[in-house]
Each structure stands twice: as structure tokens, then as C-alpha cells.
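Structure data follow from final.txt (compact mmCIF, C-alpha atoms):
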# COMPACT_ATOMS: atom_id res chain seq x y z
CA MET X 1 83.21 77.07 106.88
CA LEU X 2 85.73 79.41 105.26
CA VAL X 3 85.82 83.13 106.06
CA ALA X 4 88.28 85.77 104.87
CA THR X 5 88.46 89.31 106.20
CA ILE X 6 90.13 91.39 103.50
CA GLY X 7 90.87 95.07 103.93
CA LEU X 8 93.09 97.99 103.19
CA HIS X 9 95.85 98.45 105.71
CA SER X 10 94.63 100.82 108.41
CA SER X 11 90.94 100.32 107.60
CA ALA X 12 90.14 98.69 110.97
CA SER X 13 90.65 95.37 109.19
CA THR X 14 92.20 93.88 112.33
CA TRP X 15 89.06 94.85 114.26
CA VAL X 16 86.96 92.98 111.68
CA PHE X 17 89.26 89.96 111.84
CA ASN X 18 89.11 89.76 115.62
CA VAL X 19 85.37 90.27 115.89
CA VAL X 20 84.82 87.50 113.33
CA ARG X 21 87.40 85.34 115.13
CA GLU X 22 85.56 85.78 118.43
CA LEU X 23 82.19 85.09 116.81
CA LEU X 24 83.50 81.88 115.26
CA ALA X 25 85.00 80.82 118.58
CA ALA X 26 81.68 81.40 120.34
CA ALA X 27 79.75 79.46 117.70
CA HIS X 28 82.19 76.67 116.82
CA GLY X 29 84.75 76.35 119.60
CA ASP X 30 88.08 75.24 118.16
CA PHE X 31 89.02 76.46 114.69
CA LEU X 32 92.06 77.80 112.84
CA SER X 33 92.83 81.42 111.99
CA ALA X 34 95.78 82.59 109.94
CA TYR X 35 97.18 85.39 107.80
CA ALA X 36 97.54 84.74 104.08
CA ASP X 37 98.18 86.79 100.95
CA THR X 38 99.31 83.86 98.82
CA ILE X 39 98.40 80.23 98.28
CA LYS X 40 101.68 79.17 99.89
CA GLU X 41 100.60 80.69 103.21
CA LEU X 42 97.47 78.53 103.44
CA PRO X 43 97.45 75.53 105.78
CA ALA X 44 98.36 72.30 104.01
CA GLU X 45 95.01 70.76 104.97
CA PRO X 46 92.34 73.41 105.60
CA PRO X 47 90.24 72.48 108.65
CA PRO X 48 86.41 72.48 108.71
CA VAL X 49 86.39 76.05 110.02
CA LEU X 50 89.10 78.43 108.80
CA LEU X 51 89.42 82.21 109.14
CA LEU X 52 91.92 84.14 107.05
CA LYS X 53 93.11 87.72 107.39
CA SER X 54 94.47 89.27 104.21
CA HIS X 55 95.50 92.56 102.61
CA HIS X 56 96.98 92.81 99.10
CA GLY X 57 96.46 89.12 98.37
CA SER X 58 96.95 87.54 94.96
CA ALA X 59 94.82 86.43 92.02
CA ALA X 60 95.54 82.78 92.84
CA LEU X 61 94.38 83.21 96.43
CA ASP X 62 91.20 84.96 95.31
CA ASP X 63 90.51 82.12 92.87
CA TRP X 64 91.01 79.61 95.70
CA LEU X 65 88.64 81.53 97.98
CA ARG X 66 86.00 81.64 95.27
CA GLU X 67 86.38 77.95 94.46
CA HIS X 68 85.94 77.12 98.15
CA HIS X 69 82.87 79.36 98.51
CA ALA X 70 84.47 81.57 101.13
CA HIS X 71 82.54 84.24 102.96
CA LEU X 72 84.43 87.52 102.34
CA ILE X 73 84.13 90.59 104.54
CA LEU X 74 85.79 93.68 103.03
CA SER X 75 86.92 96.86 104.78
CA ILE X 76 87.96 100.09 103.08
CA ARG X 77 89.18 103.58 103.94
CA ASP X 78 90.31 106.65 102.06
CA PRO X 79 93.74 105.28 101.05
CA ARG X 80 95.30 108.72 101.41
CA ASP X 81 94.47 108.65 105.11
CA ALA X 82 95.48 105.00 105.37
CA ALA X 83 98.91 105.73 103.86
CA VAL X 84 99.53 108.63 106.27
CA SER X 85 98.32 106.59 109.24
CA MET X 86 100.56 103.63 108.41
CA ALA X 87 103.59 105.89 107.97
CA LYS X 88 103.06 107.47 111.38
CA ARG X 89 102.28 104.30 113.30
CA PHE X 90 104.93 102.03 111.83
CA ASN X 91 107.73 104.55 111.32
CA ALA X 92 107.77 104.02 107.56
CA THR X 93 108.16 106.54 104.77
CA LEU X 94 105.05 107.70 102.97
CA ASP X 95 106.47 106.38 99.70
CA ILE X 96 106.60 102.89 101.19
CA THR X 97 103.07 102.98 102.61
CA ILE X 98 101.73 104.32 99.32
CA ARG X 99 103.08 101.19 97.62
CA TRP X 100 101.39 99.00 100.24
CA LEU X 101 98.08 100.77 99.77
CA VAL X 102 98.21 100.71 95.97
CA GLN X 103 98.35 96.91 96.11
CA ASP X 104 95.49 96.79 98.62
CA CYS X 105 93.38 99.14 96.50
CA ASP X 106 93.90 97.06 93.38
CA ARG X 107 92.59 94.00 95.17
CA LEU X 108 89.60 95.68 96.84
CA HIS X 109 88.69 97.24 93.51
CA ARG X 110 88.57 93.75 91.97
CA LEU X 111 86.51 92.24 94.78
CA ALA X 112 84.06 95.09 95.35
CA ASP X 113 81.70 94.15 92.53
CA GLN X 114 81.25 90.55 93.68
CA GLY X 115 78.52 91.27 96.23
CA HIS X 116 80.57 90.96 99.40
CA PRO X 117 79.71 93.23 102.36
CA ILE X 118 81.92 96.32 102.53
CA LEU X 119 82.65 98.13 105.78
CA ARG X 120 83.73 101.75 105.33
CA TYR X 121 86.08 103.18 107.98
CA GLU X 122 84.56 106.64 107.74
CA ASP X 123 81.21 105.17 108.87
CA ARG X 124 82.94 104.30 112.19
CA PHE X 125 81.62 100.74 112.04
CA PHE X 126 84.14 99.74 114.71
CA GLU X 127 82.38 102.05 117.17
CA ASN X 128 78.95 100.56 116.55
CA ALA X 129 77.85 97.48 118.51
CA ALA X 130 75.36 96.69 115.74
CA THR X 131 78.30 95.79 113.48
CA VAL X 132 79.00 92.72 115.61
CA ASP X 133 75.40 91.55 115.25
CA ALA X 134 75.45 92.27 111.50
CA LEU X 135 78.61 90.19 111.02
CA ALA X 136 77.16 87.30 113.02
CA LYS X 137 73.99 87.41 110.92
CA ARG X 138 75.95 87.63 107.67
CA LEU X 139 77.93 84.51 108.60
CA GLY X 140 74.91 82.63 109.95
CA LEU X 141 76.38 82.40 113.45
CA ALA X 142 74.06 82.07 116.44
CA VAL X 143 75.65 84.06 119.27
CA ALA X 144 73.96 85.16 122.48
CA PRO X 145 73.42 88.94 122.80
CA SER X 146 75.55 89.01 125.96
CA VAL X 147 78.44 87.36 124.09
CA ALA X 148 78.17 89.82 121.19
CA ALA X 149 78.13 92.73 123.66
CA ASP X 150 81.24 91.40 125.38
CA ILE X 151 83.05 91.01 122.05
CA PHE X 152 82.22 94.61 121.16
CA ARG X 153 83.44 95.85 124.54
CA ARG X 154 86.77 94.03 124.31
CA TYR X 155 87.58 95.48 120.89
CA GLN X 156 86.70 99.10 121.52
CA THR X 157 89.49 101.50 120.64
CA ALA X 158 90.70 102.17 124.18
CA GLU X 159 90.80 98.46 125.00
CA VAL X 160 92.73 97.58 121.84
CA ARG X 161 95.15 100.46 122.37
CA ALA X 162 95.94 99.20 125.88
CA PHE X 163 96.36 95.63 124.61
CA ALA X 164 98.63 96.80 121.78
CA GLN X 165 100.93 98.55 124.21
CA ALA X 166 101.25 95.30 126.18
CA VAL X 167 101.97 93.05 123.19
CA PRO X 168 105.76 92.95 123.79
CA ASN X 169 105.02 91.53 127.27
CA LEU X 170 102.95 88.59 126.03
CA PRO X 171 104.39 85.06 126.35
CA PRO X 172 107.21 84.69 123.78
CA LYS X 173 105.35 82.01 121.79
CA ARG X 174 102.56 84.50 121.07
CA VAL X 175 104.86 87.26 119.83
CA ALA X 176 106.23 87.61 116.30
CA ILE X 177 108.47 90.42 115.12
CA VAL X 178 107.14 91.99 111.92
CA GLY X 179 109.53 94.61 110.65
CA ALA X 180 110.46 96.53 113.77
CA SER X 181 107.14 95.85 115.52
CA ALA X 182 106.06 93.13 117.95
CA MET X 183 102.82 91.43 116.90
CA ASP X 184 100.49 89.09 118.74
CA ARG X 185 100.14 85.94 116.64
CA VAL X 186 96.58 85.32 117.85
CA THR X 187 94.95 88.71 117.34
CA GLN X 188 97.36 90.07 114.69
CA ILE X 189 97.55 93.24 116.81
CA HIS X 190 100.88 95.09 116.66
CA ALA X 191 102.45 97.16 119.41
CA GLY X 192 101.35 100.71 118.70
CA HIS X 193 98.55 99.39 116.49
CA ILE X 194 96.00 102.12 117.16
CA GLY X 195 96.48 105.72 116.02
CA ASP X 196 94.13 108.63 116.60
CA THR X 197 91.48 107.07 114.28
CA SER X 198 90.82 110.46 112.65
CA SER X 199 89.82 111.02 109.05
CA GLY X 200 91.16 113.72 106.73
CA LYS X 201 94.73 113.61 108.04
CA TRP X 202 96.10 113.51 104.47
CA LYS X 203 94.93 117.14 104.15
CA THR X 204 97.67 118.21 106.59
CA LEU X 205 100.31 117.33 103.98
CA ALA X 206 101.84 119.87 101.62
CA ASP X 207 99.65 120.70 98.62
CA ALA X 208 101.94 118.91 96.18
CA ARG X 209 101.90 115.74 98.29
CA GLN X 210 98.11 115.89 98.57
CA ALA X 211 97.83 116.15 94.80
CA GLU X 212 100.22 113.22 94.36
CA LEU X 213 98.21 110.98 96.68
CA THR X 214 94.95 111.89 94.98
CA ASN X 215 96.43 111.15 91.57
CA VAL X 216 97.90 107.80 92.63
CA PHE X 217 94.70 106.58 94.25
CA TRP X 218 92.22 108.26 91.91
CA PRO X 219 90.65 105.07 90.42
CA PHE X 220 89.90 103.81 93.93
CA LEU X 221 88.75 107.22 95.18
CA GLN X 222 86.39 107.55 92.23
CA ARG X 223 85.03 104.00 92.58
CA PHE X 224 84.23 104.40 96.27
CA GLY X 225 83.15 108.03 96.32
CA TYR X 226 86.08 109.64 98.12
CA GLY X 227 85.87 113.15 96.77
CA THR X 228 87.03 114.90 93.63
CA PRO X 229 90.49 115.07 92.01

Take the structure from the file and write it as C-alpha cells.
Amino acid sequence: MLVATIGLHSSASTWVFNVVRELLAAAHGDFLSAYADTIKELPAEPPPVLLLKSHHGSAALDDWLREHHAHLILSIRDPRDAAVSMAKRFNATLDITIRWLVQDCDRLHRLADQGHPILRYEDRFFENAATVDALAKRLGLAVAPSVAADIFRRYQTAEVRAFAQAVPNLPPKRVAIVGASAMDRVTQIHAGHIGDTSSGKWKTLADARQAELTNVFWPFLQRFGYGTP
């Protein structure tokens, strides 16, 4: 079984990854999960059950996923909000996070018409326990209701925020340094991972910056119904 959770940065894509990871663990026991945006990042010999987390990806990776009949779960968000959120949480300039999000948007735009389920951040799917059940059903995983409820509880915003703050204190083998941030290798959760989860934060920018963001992301905004230019 091959599953890939693919999302815009800051679209609760890590929530999706971890919920799917926990569902697979409950249904299959041991399996491998990894991050990959390129073919080179894939394991040399993919195991029977493999979960991938991915953002901007590559055409070659998408071809590989299609050839291997992967189950794809997509997550999206207004990229203007995502860019602002990433800049604030990871101490990066807005120009840098815009470049990250442009790449993500290009990929999600390509994949959106292939019939994969799409989770929209603004629907607050990560606050809805039914999302866990829907993902289990989509992947054909039989998980007890009590297990699904426990998974939802452990990945609620307050719980993840507390875990993120403790990431630097995890055993050294679990911690990777990505940029200037400590990240848990298992959950892919960074220290300071969770922001205020609000929508519309891009509207607090200066008018010229708002117009720039809308112009840059307009094809994606139009495709997914995020307002007018």
C-alpha cells in the first residue's frame, strides 16, 4: 500500500500526514513513513506499506506515484495566508515563503483534476473528528472508533502546539535541524509548528503587498475559488 499526503506548506498538511500515519499504524503495525519531493529521496526498496509526505514535489515523483497506484490525499489553503503564516512561524522573509508556495501551488494545480480528495484548510477539517473517519474509509483501513477518537484527540491544535514546543527536548536521534528549526523525524513536527490558525491574515499587509500576493497566486486562487483579483 502506497499513500502520499501532498499539501501546500501551512495547509495543515502535517496534521493529515500524522493522522494517516497513525491510521496505518493501527491497521498494519510496522510500516515506513518518509518525506520526499524527488525520486532520489525515496527508499531504495519501497516496503509493502509506505507513507510519503510531500510539498512541491517533482514531475518524476508524481509519475512514480501514479505508476505505483498511490493513494493521494491533498490539502490546500489560500496561499496568501500560507505565505504569511510561514514567514511568521519560521522567521523567513515573505519573498522566500512566496517562492515556496508558488512551487506548491503549481503542483497542487496539476494534481487537483485527477480525482484525489482535497482537504481545504478554511473548512477547518483538522478540527473535525469526522475527518479521521473519512480518511480511514478513503484508504480502506478498518480502525476501531475508540482508536480513531484517540488519534483525533492527540492531534488537536493545543496538543500539537505543546508537542512542538517540546521537540528540542526529544531524544537526539529523533531530532533533525531543518534551517534554524528543530524537527521531529517521526511526526515531521517542527518546534513552533503551530501558529494562530486564523484565516485572512494576508489582509493585514499593506495594500500594495496584498495586490502583489493576489497577482502572484491568481491562477491558484481562481482555480480553487479564493476570491476575486

_Under the rule that all atoms listed in the file are counted, which of X:Ile6, X:Ala129, X:Ala191, X:Leu42 is the nearest residue to Leu108 (chain X)?_
X:Ile6

*Excluding region 171-183 of chain X and any residue of its chain fewer than 4 positions from it, enumerate the residues within 12 Å of it, using all atoms listed in the file, and give them as a ChimeraX atom specification.*
/X:14,89-92,163-167,187-193

Considering all atoms listed in the file, tabulate each residue of region 58-177 of chain X that lies at most 8 Å from region 195-201 of chain X along with its nearest interatomic pair and the corresponding distance in Å to one decimal; arrange the rows by chain and ascending residue number and present them as a tab-separated table.
residue	atom	partner	partner_atom	distance
X:Asp81	CA	X:Lys201	CA	5.8
X:Val84	CA	X:Lys201	CA	7.1
X:Ser85	CA	X:Gly195	CA	7.1
X:Arg89	CA	X:Gly195	CA	6.6
X:Glu122	CA	X:Ser199	CA	7.0

*Computed interatomic separation between CA of Arg185 (chain X) and CA of Leu170 (chain X) (Å)*: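 Separating CA of Arg185 (chain X) from CA of Leu170 (chain X) is a distance of 10.2 Å.
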
Can you list every residue of region 120-170 of chain X that has an atom at most 10 Å from region 69-74 of chain X, with its nearest atom pair and the distance in Å to one decimal, using all atoms listed in the file, ordered by chain then number, as JSON lines?
{"residue": "X:Arg120", "atom": "CA", "partner": "X:Leu74", "partner_atom": "CA", "distance": 8.6}
{"residue": "X:Leu135", "atom": "CA", "partner": "X:Ile73", "partner_atom": "CA", "distance": 8.5}
{"residue": "X:Arg138", "atom": "CA", "partner": "X:His71", "partner_atom": "CA", "distance": 8.8}
{"residue": "X:Leu139", "atom": "CA", "partner": "X:His71", "partner_atom": "CA", "distance": 7.3}

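Put simply, CA of Trp202 (chain X) is 9.7 Å away from CA of Thr214 (chain X).
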
*CA of Ser33 (chain X) to CA of Lys53 (chain X): how many Å, to one decimal?*
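Answer for the CA of Ser33 (chain X) to CA of Lys53 (chain X) separation: 7.8 Å.
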
_Ranking X:Ala162, X:Leu24, X:Leu94, X:Ala87 by minimum distance to Leu141 (chain X) and counting only C-alpha atoms, which one comes first?_
X:Leu24

*Could you name the residues that touch Val16 (chain X) at 12 Å or less, counting all atoms listed in the file, but leaving out those on the same chain fewer than 5 positions away, as a count of residues only?*
40

_Env of Gly225 (chain X): 12 Å cut, atoms = all atoms listed in the file, seq-sep filter 4 positions within chain, self excluded. Answer as a list in words._
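That gives Ile76, Arg77, Asp78, Pro79, Arg120, Glu122, Phe217, Trp218, Pro219, Phe220, Leu221 and Pro229 of chain X.
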
Would you save the residues from that selection as a short mmCIF file (atom, residue, chain, number, x, y, z; two decimals), in the frame of the given file, using C-alpha atoms?
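Result went into part.cif, see below:
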data_model
loop_
_atom_site.label_atom_id
_atom_site.label_comp_id
_atom_site.auth_asym_id
_atom_site.auth_seq_id
_atom_site.Cartn_x
_atom_site.Cartn_y
_atom_site.Cartn_z
CA ILE X 76 87.96 100.09 103.08
CA ARG X 77 89.18 103.58 103.94
CA ASP X 78 90.31 106.65 102.06
CA PRO X 79 93.74 105.28 101.05
CA ARG X 120 83.73 101.75 105.33
CA GLU X 122 84.56 106.64 107.74
CA PHE X 217 94.70 106.58 94.25
CA TRP X 218 92.22 108.26 91.91
CA PRO X 219 90.65 105.07 90.42
CA PHE X 220 89.90 103.81 93.93
CA LEU X 221 88.75 107.22 95.18
CA PRO X 229 90.49 115.07 92.01
#

*Tell me which of X:Leu32, X:Trp15, X:Gln103, X:Ala60 sits closest to Asn128 (chain X), counting only C-alpha atoms.*
X:Trp15

So for region 61-70 of chain X, what box centre and size do we get, axis-aligned, 6 Å extra on each of the six sides, every listed atom, Å to one decimal, as AutoDock Vina command-line options?
--center_x 88.6 --center_y 81.0 --center_z 97.0 --size_x 23.5 --size_y 19.8 --size_z 20.3

Complete the atom set of region 109-127 of chain X to N, CA and C atoms and return it as a compact mmCIF listing (two decimals), in the frame of the given file.
# COMPACT_ATOMS: atom_id res chain seq x y z
N HIS X 109 89.40 96.82 94.71
CA HIS X 109 88.69 97.24 93.51
C HIS X 109 88.17 96.02 92.75
N ARG X 110 88.98 94.97 92.67
CA ARG X 110 88.57 93.75 91.97
C ARG X 110 87.42 93.04 92.68
N LEU X 111 87.47 93.03 94.01
CA LEU X 111 86.51 92.24 94.78
C LEU X 111 85.19 92.97 95.04
N ALA X 112 85.20 94.28 94.90
CA ALA X 112 84.06 95.09 95.35
C ALA X 112 82.78 94.80 94.58
N ASP X 113 82.89 94.37 93.34
CA ASP X 113 81.70 94.15 92.53
C ASP X 113 81.17 92.73 92.61
N GLN X 114 81.66 91.95 93.57
CA GLN X 114 81.25 90.55 93.68
C GLN X 114 80.17 90.33 94.74
N GLY X 115 79.64 91.40 95.29
CA GLY X 115 78.52 91.27 96.23
C GLY X 115 78.88 91.03 97.67
N HIS X 116 80.16 91.16 98.01
CA HIS X 116 80.57 90.96 99.40
C HIS X 116 80.24 92.21 100.23
N PRO X 117 79.95 92.05 101.52
CA PRO X 117 79.71 93.23 102.36
C PRO X 117 80.97 94.08 102.48
N ILE X 118 80.79 95.39 102.44
CA ILE X 118 81.92 96.32 102.53
C ILE X 118 81.71 97.24 103.73
N LEU X 119 82.68 97.25 104.62
CA LEU X 119 82.65 98.13 105.78
C LEU X 119 83.56 99.33 105.50
N ARG X 120 83.00 100.52 105.64
CA ARG X 120 83.73 101.75 105.33
C ARG X 120 84.19 102.41 106.63
N TYR X 121 85.49 102.63 106.75
CA TYR X 121 86.08 103.18 107.98
C TYR X 121 85.40 104.48 108.40
N GLU X 122 85.12 105.32 107.43
CA GLU X 122 84.56 106.64 107.74
C GLU X 122 83.16 106.54 108.34
N ASP X 123 82.51 105.39 108.22
CA ASP X 123 81.21 105.17 108.87
C ASP X 123 81.37 104.80 110.34
N ARG X 124 82.62 104.63 110.79
CA ARG X 124 82.94 104.30 112.19
C ARG X 124 82.27 102.99 112.62
N PHE X 125 82.26 102.01 111.73
CA PHE X 125 81.62 100.74 112.04
C PHE X 125 82.20 100.08 113.29
N PHE X 126 83.46 100.35 113.56
CA PHE X 126 84.14 99.74 114.71
C PHE X 126 83.72 100.37 116.03
N GLU X 127 82.92 101.43 115.97
CA GLU X 127 82.38 102.05 117.17
C GLU X 127 80.90 101.73 117.36
